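Structure first, then comments.
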Amino acid sequence: MAVAIRLRREGALNRPYFKVVVADTRSPRDGKFIEIVGTYDPKKAGQNSTLKLDRIEHWIGKGAQPSDTVRSLIKKTKNPEAAAKKAAAVAANAPKPEPAPAPVEAEPVAAPASAIATEPAAPPAPTTPEPPPPAEPSEAPPPSES
């Protein structure tokens with residue numbers, strides 16, 4: 001009988017929670033198992049798993065194969081300092097979102113000091129829309145009255 005150490009999903013919809021179990025590889029993911037050897041909560045930050053390392057070592061010694069995720073959890077549980085360093089390095093290398101640049105306001109152009117003293121400021125010229133160009137006569141002859 002081939003035995004695997006894998007995750008069994010529990011919890012509510014959009015709120016996953018896993019139990020680490022020793023199970024026959026032929027049984028379904030959430031089906032029959034041999035022994036519960038730990039838990040894993042992926043939504044929880046920091047130390048989010050509890051494992052019975054002595055029982056896991058016992059089953060690995062008997063030939064049980066841990067899944068990739070369980071193997072990762074075992075490494076994190078055995079050496080939490082290295083896992084914390086790796087998490088800090090990943091967080092430090094993550095691209096930080098740059099703040100949006102502040103809108104640049106156009107500064108009014110200053111006129112020379114001599115022009116300001118001698119000439120009063122002229123109001124801006126009103127803008128009027130240009131009339132559309134005259135329509136060209138069509139090349140078709142006018143309708144005849146017959």
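Within each chain, counting starts at residue 1; across the structure tokens, chains are named A, B, ... in the order shown, with ligands numbered 1 upward in that order.
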Report as a PyMOL selection string all protein, DNA and RNA residues lying within 10 Å of Gly31 of chain A, evaluated on only C-alpha atoms, omitting residues in the same chain fewer than 4 positions from it. chain A and resi 8-9+23-24+26-27
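In this comparison, which uses only C-alpha atoms, the residue of A:Val3, A:Asn93, A:Thr127, A:Leu51 approaching Lys76 of chain A most closely is A:Leu51.
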Based on DSSP run over this structure's backbone, return all residues of segment 25-61 of chain A in helix (DSSP H, G or I), as a tab-separated table (two decimals) with C-alpha atoms, in the first residue's frame.
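Result file follows (selection_34.tsv):
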```tsv
chain	number	residue	atom	x	y	z
A	53	LEU	CA	7.37	16.14	13.41
A	54	ASP	CA	7.99	12.90	15.31
A	55	ARG	CA	4.99	11.23	13.65
A	56	ILE	CA	5.93	12.61	10.24
A	57	GLU	CA	9.46	11.23	10.61
A	58	HIS	CA	7.95	7.89	11.66
A	59	TRP	CA	5.81	7.70	8.50
A	60	ILE	CA	8.60	8.89	6.21
A	61	GLY	CA	10.76	6.16	7.73
```
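We find atom CA of Gly11 of chain A and atom CA of Glu35 of chain A to be spaced 18.7 Å apart.
Atom pair atom CA of Glu81 of chain A / atom CA of Thr69 of chain A: separated by 18.6 Å.
Among the candidate residues A:Asp68, A:Pro80, A:Gly63, A:Arg29, the one lying nearest to Thr50 of chain A is A:Pro80, with distances computed using only C-alpha atoms.
Going from atom CA of Ser49 of chain A to atom CA of Ala92 of chain A covers 23.4 Å.
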Could you list, as a CSV table (one decimal) with C-alpha atoms, in the first residue's frame, every residue within 10 Å of Glu10 of chain A, counting only C-alpha atoms and ignoring same-chain residues fewer than 6 positions away?
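Produced file selection.csv, reproduced below:
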```
chain,number,residue,atom,x,y,z
A,16,PRO,CA,-9.6,27.2,3.3
A,17,TYR,CA,-8.1,25.3,6.2
A,18,PHE,CA,-6.1,22.1,5.8
A,19,LYS,CA,-5.3,19.1,7.9
A,30,ASP,CA,-10.9,14.6,1.5
A,41,ASP,CA,-4.0,27.7,7.6
```
Practice problem: Any chance you could list, as number ranges by chain, the residues in segment 25-63 of chain A that come up strand (DSSP E or B) when DSSP is run on the backbone? | Solution: A: 35-40, 49-51
